[in-house]
Each structure stands twice: as C-alpha cells, then as structure tokens.
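Colleague: Please find query.pdb (PDB, C-alpha atoms) on the next line:
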```pdb
ATOM      1  CA  MET A  15       0.000   0.000   0.000
ATOM      2  CA  SER A  16       1.379   3.420  -0.950
ATOM      3  CA  LEU A  17       1.591   6.278   1.545
ATOM      4  CA  GLU A  18      -1.228   8.083  -0.275
ATOM      5  CA  GLU A  19      -3.461   5.000  -0.117
ATOM      6  CA  HIS A  20      -2.680   4.647   3.594
ATOM      7  CA  ARG A  21      -3.581   8.290   4.227
ATOM      8  CA  SER A  22      -6.915   8.016   2.484
ATOM      9  CA  ALA A  23      -7.723   4.856   4.466
ATOM     10  CA  GLU A  24      -7.206   6.683   7.779
ATOM     11  CA  PRO A  25     -10.288   8.120   9.462
ATOM     12  CA  LEU A  26     -10.734  11.863   8.940
ATOM     13  CA  SER A  27     -10.029  12.535  12.622
ATOM     14  CA  ALA A  28      -6.517  11.127  12.147
ATOM     15  CA  ARG A  29      -5.859  13.518   9.259
ATOM     16  CA  GLU A  30      -7.292  16.781  10.567
ATOM     17  CA  ILE A  31      -6.123  19.563  12.813
ATOM     18  CA  VAL A  32      -8.828  21.456  14.694
ATOM     19  CA  THR A  33      -8.400  24.508  16.866
ATOM     20  CA  THR A  34     -10.997  26.619  18.639
ATOM     21  CA  ARG A  35     -10.719  30.098  20.097
ATOM     22  CA  VAL A  36     -13.241  32.489  21.633
ATOM     23  CA  PHE A  37     -12.862  36.180  20.792
ATOM     24  CA  ALA A  38     -14.381  38.976  22.883
ATOM     25  CA  ALA A  39     -15.966  40.542  19.808
ATOM     26  CA  PRO A  40     -19.267  40.205  17.929
ATOM     27  CA  ARG A  41     -19.466  37.559  15.229
ATOM     28  CA  GLU A  42     -19.854  40.135  12.421
ATOM     29  CA  ARG A  43     -16.593  41.836  13.434
ATOM     30  CA  VAL A  44     -14.654  38.572  13.673
ATOM     31  CA  PHE A  45     -16.041  37.400  10.332
ATOM     32  CA  ARG A  46     -14.985  40.723   8.772
ATOM     33  CA  ALA A  47     -11.430  40.237  10.144
ATOM     34  CA  TRP A  48     -11.331  36.978   8.167
ATOM     35  CA  THR A  49     -12.905  38.327   4.974
ATOM     36  CA  ASP A  50     -11.602  41.877   4.557
ATOM     37  CA  PRO A  51      -8.112  41.660   3.055
ATOM     38  CA  GLU A  52      -7.074  44.927   4.746
ATOM     39  CA  HIS A  53      -7.695  43.284   8.136
ATOM     40  CA  LEU A  54      -6.630  39.749   7.213
ATOM     41  CA  VAL A  55      -3.194  40.741   5.896
ATOM     42  CA  ARG A  56      -2.349  42.205   9.317
ATOM     43  CA  TRP A  57      -2.595  38.892  11.173
ATOM     44  CA  TRP A  58      -2.655  35.937   8.764
ATOM     45  CA  GLY A  59       0.137  33.417   9.213
ATOM     46  CA  PRO A  60       2.361  32.098  11.971
ATOM     47  CA  LYS A  61       3.903  34.403  14.564
ATOM     48  CA  GLY A  62       6.811  36.330  13.080
ATOM     49  CA  PHE A  63       5.531  36.077   9.493
ATOM     50  CA  THR A  64       4.106  38.844   7.320
ATOM     51  CA  SER A  65       2.036  38.460   4.161
ATOM     52  CA  THR A  66       1.659  40.170   0.814
ATOM     53  CA  PHE A  67      -1.713  39.554  -0.814
ATOM     54  CA  GLN A  68      -1.802  39.463  -4.612
ATOM     55  CA  ALA A  69      -5.431  38.366  -5.103
ATOM     56  CA  PHE A  70      -8.366  37.959  -2.739
ATOM     57  CA  ASP A  71     -11.623  37.173  -4.558
ATOM     58  CA  LEU A  72     -14.002  36.172  -1.762
ATOM     59  CA  ARG A  73     -16.628  34.117  -3.594
ATOM     60  CA  PRO A  74     -17.029  30.440  -4.440
ATOM     61  CA  GLY A  75     -14.436  29.738  -7.128
ATOM     62  CA  GLY A  76     -12.522  32.923  -6.281
ATOM     63  CA  VAL A  77      -8.757  32.798  -5.838
ATOM     64  CA  TRP A  78      -6.724  33.901  -2.831
ATOM     65  CA  ARG A  79      -3.052  34.236  -3.732
ATOM     66  CA  PHE A  80      -0.435  35.542  -1.305
ATOM     67  CA  VAL A  81       3.160  35.237  -0.186
ATOM     68  CA  MET A  82       4.037  34.649   3.454
ATOM     69  CA  HIS A  83       7.407  36.141   4.340
ATOM     70  CA  GLY A  84       9.183  34.136   7.023
ATOM     71  CA  PRO A  85      11.303  35.701   9.750
ATOM     72  CA  ASP A  86      14.270  33.858   8.196
ATOM     73  CA  GLY A  87      13.810  35.742   4.890
ATOM     74  CA  VAL A  88      12.209  32.812   3.041
ATOM     75  CA  ASP A  89       9.077  33.521   0.968
ATOM     76  CA  TYR A  90       6.267  30.964   0.839
ATOM     77  CA  LYS A  91       3.871  31.278  -2.100
ATOM     78  CA  ASN A  92       0.277  30.239  -1.391
ATOM     79  CA  LYS A  93      -2.772  29.779  -3.563
ATOM     80  CA  SER A  94      -6.238  28.848  -2.348
ATOM     81  CA  VAL A  95      -9.653  28.677  -3.968
ATOM     82  CA  PHE A  96     -12.767  29.595  -2.009
ATOM     83  CA  VAL A  97     -15.326  26.801  -1.932
ATOM     84  CA  GLU A  98     -18.086  28.233   0.253
ATOM     85  CA  ILE A  99     -18.826  31.569   1.937
ATOM     86  CA  VAL A 100     -21.834  31.722   4.294
ATOM     87  CA  ARG A 101     -21.925  35.149   5.972
ATOM     88  CA  PRO A 102     -21.258  35.324   8.907
ATOM     89  CA  GLU A 103     -21.185  31.604   9.688
ATOM     90  CA  ARG A 104     -18.578  29.792   7.611
ATOM     91  CA  ILE A 105     -15.661  30.081   5.193
ATOM     92  CA  VAL A 106     -14.354  27.054   3.304
ATOM     93  CA  PHE A 107     -11.315  27.161   1.047
ATOM     94  CA  GLN A 108      -9.046  24.651  -0.659
ATOM     95  CA  HIS A 109      -5.315  25.333  -0.385
ATOM     96  CA  VAL A 110      -4.186  24.189  -3.833
ATOM     97  CA  SER A 111      -0.484  24.985  -3.738
ATOM     98  CA  GLY A 112       1.510  22.341  -1.906
ATOM     99  CA  PRO A 113       0.644  20.943   0.504
ATOM    100  CA  ALA A 114      -2.995  20.600  -0.534
ATOM    101  CA  PHE A 115      -5.601  20.792   2.215
ATOM    102  CA  LEU A 116      -9.167  21.936   2.897
ATOM    103  CA  VAL A 117      -9.901  24.613   5.509
ATOM    104  CA  THR A 118     -13.275  25.165   7.168
ATOM    105  CA  ALA A 119     -13.635  28.082   9.567
ATOM    106  CA  THR A 120     -16.900  28.473  11.483
ATOM    107  CA  PHE A 121     -18.043  31.474  13.505
ATOM    108  CA  ALA A 122     -20.567  30.880  16.308
ATOM    109  CA  GLU A 123     -22.118  33.455  18.609
ATOM    110  CA  GLN A 124     -21.419  32.729  22.248
ATOM    111  CA  ALA A 125     -22.857  35.198  24.786
ATOM    112  CA  GLY A 126     -21.731  38.315  22.926
ATOM    113  CA  LYS A 127     -18.439  36.730  21.929
ATOM    114  CA  THR A 128     -17.459  34.666  18.901
ATOM    115  CA  LYS A 129     -16.256  31.072  18.940
ATOM    116  CA  VAL A 130     -14.077  30.336  15.905
ATOM    117  CA  THR A 131     -13.405  26.725  14.987
ATOM    118  CA  PHE A 132     -10.713  26.340  12.343
TER     119      PHE A 132
END
```
Let me see the structure of the file written as structure tokens.
Modeller:
Amino acid sequence: MSLEEHRSAEPLSAREIVTTRVFAAPRERVFRAWTDPEHLVRWWGPKGFTSTFQAFDLRPGGVWRFVMHGPDGVDYKNKSVFVEIVRPERIVFQHVSGPAFLVTATFAEQAGKTKVTF
C-alpha cells in the first residue's frame, strides 16, 4: 500500500487539525477580520511572518493568492480557492499549492463573543 493509499484509508479525525478560540468581539466583526483583506493581511500566518496579498476574490471559485514572508527571509507562495462563503457563519477554502488541504472556519455566537473553529 502506498503512503497516499494509507492516508486516504485513515479516518478523517486522524488527518485533521482542529483549533478553537473564543474572541471577545461580535461575530460580524470577527467574520470581517477573516474576509476583509485589509484586516486579514495584518494577522494571517504564523507568529513572526508577514504576508503580501496578490489576489483575494471572496466568492465560491474565487482565488486567494499571497506570499508569506518568514522571519528567516524565506518567501512561501500560497494559492487557495474559495469553496463556500456563508456570511457570517462559515468560510471554506481549498489550499491548492503544496501541501494541498481543505480549511473550514466556522463562527458561532457565544454570549456576545465569537467562537471560531478552524
């Protein structure tokens, strides 16, 4: 069995990474931070990285292309395609440049705050 066949035979839970965080802000504001490129570019990526956005077409089939600049001076090109946008509940996109993966981010109201599951 090849590595790829082994991966696809694993249950989804063995192949996914899930993180949850609660923000002390209304859901609309948190959703906007994820969908407005002027806000998103300020925080997207690991700590110490910055990003340059080249395209951000927030609609199903739209392309998000950007470069993450690492603290070590290395540039990482990224390309994703939006699959689903449900305001202000969910964003789904497929990262199509290597490595390929699917991202689902959900935004749930929680007593005046917003629970983001990513």
Colleague: Assuming the chain letters and numbering stay as they are in my file, what does the PyMOL selection byres ((chain A and resi 94) around 8) actually select? List them as a PDB file with C-alpha atoms, keeping the file's coordinate frame.
Modeller:
```
ATOM      1  CA  VAL A  77      -8.757  32.798  -5.838  1.00  0.00           C
ATOM      2  CA  TRP A  78      -6.724  33.901  -2.831  1.00  0.00           C
ATOM      3  CA  ARG A  79      -3.052  34.236  -3.732  1.00  0.00           C
ATOM      4  CA  ASN A  92       0.277  30.239  -1.391  1.00  0.00           C
ATOM      5  CA  LYS A  93      -2.772  29.779  -3.563  1.00  0.00           C
ATOM      6  CA  VAL A  95      -9.653  28.677  -3.968  1.00  0.00           C
ATOM      7  CA  PHE A  96     -12.767  29.595  -2.009  1.00  0.00           C
ATOM      8  CA  PHE A 107     -11.315  27.161   1.047  1.00  0.00           C
ATOM      9  CA  GLN A 108      -9.046  24.651  -0.659  1.00  0.00           C
ATOM     10  CA  HIS A 109      -5.315  25.333  -0.385  1.00  0.00           C
ATOM     11  CA  VAL A 110      -4.186  24.189  -3.833  1.00  0.00           C
ATOM     12  CA  SER A 111      -0.484  24.985  -3.738  1.00  0.00           C
TER      13      SER A 111
END
```
Colleague: Give as a PyMOL selection string every residue, naming chains and numbers as the document does, that has an atom within 9 Å of (-18.5, 37.2, 20.0), counting only C-alpha atoms.
Modeller: chain A and resi 36-44+121-129
Colleague: Would you export the selected residues with C-alpha atoms as a tab-separated table (two decimals), in the frame of the given file, please?
Modeller:
```tsv
chain	number	residue	atom	x	y	z
A	36	VAL	CA	-13.24	32.49	21.63
A	37	PHE	CA	-12.86	36.18	20.79
A	38	ALA	CA	-14.38	38.98	22.88
A	39	ALA	CA	-15.97	40.54	19.81
A	40	PRO	CA	-19.27	40.20	17.93
A	41	ARG	CA	-19.47	37.56	15.23
A	42	GLU	CA	-19.85	40.14	12.42
A	43	ARG	CA	-16.59	41.84	13.43
A	44	VAL	CA	-14.65	38.57	13.67
A	121	PHE	CA	-18.04	31.47	13.50
A	122	ALA	CA	-20.57	30.88	16.31
A	123	GLU	CA	-22.12	33.46	18.61
A	124	GLN	CA	-21.42	32.73	22.25
A	125	ALA	CA	-22.86	35.20	24.79
A	126	GLY	CA	-21.73	38.32	22.93
A	127	LYS	CA	-18.44	36.73	21.93
A	128	THR	CA	-17.46	34.67	18.90
A	129	LYS	CA	-16.26	31.07	18.94
```
Colleague: So that I can see what lies close to range 56-69 of chain A, please list as number ranges by chain the residues with an atom at most 6 Å from it, counting only C-alpha atoms and leaving out residues fewer than 6 positions away in the same chain.
Modeller: A: 78-85
Colleague: What is the CA of Phe70 in chain A to CA of Leu54 in chain A distance in Å?
Modeller: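 Pair CA of Phe70 in chain A / CA of Leu54 in chain A returns 10.3 Å.
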Colleague: At what distance in Å, to one decimal, does CA of Val32 in chain A lie from CA of Phe115 in chain A?
Modeller: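 Computing the Euclidean distance for CA of Phe115 in chain A and CA of Val32 in chain A yields 12.9 Å.
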Colleague: Quick check, in Å to one decimal: how far apart do CA of Gly76 in chain A and CA of Thr49 in chain A lie?
Modeller: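 Between these atoms lies a distance of 12.5 Å.
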Colleague: Extract, using only C-alpha atoms, all DNA, RNA and protein residues at most 6 Å from Thr118 in chain A, discarding same-chain residues fewer than 3 positions from it, and format them as a list of chain:residue names.
Modeller: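 Near neighbours after the sequence-gap exclusion: A:Ile105, A:Val106, A:Phe132.
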Colleague: Translate the PyMOL selection byres ((chain A and resi 33) around 9), as applied to the file shown, into an explicit residue set as a list in words.
Modeller: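 Expected selection for the PyMOL selection byres ((chain A and resi 33) around 9) here is Ile31, Val32, Thr34, Arg35, Val130, Thr131 and Phe132 of chain A.
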Colleague: In terms of the shortest atom-to-atom distance over all atoms listed in the file, which of A:Glu30, A:Gly75, A:Ala119, A:Pro51 is closest to Pro102 in chain A?
Modeller: A:Ala119
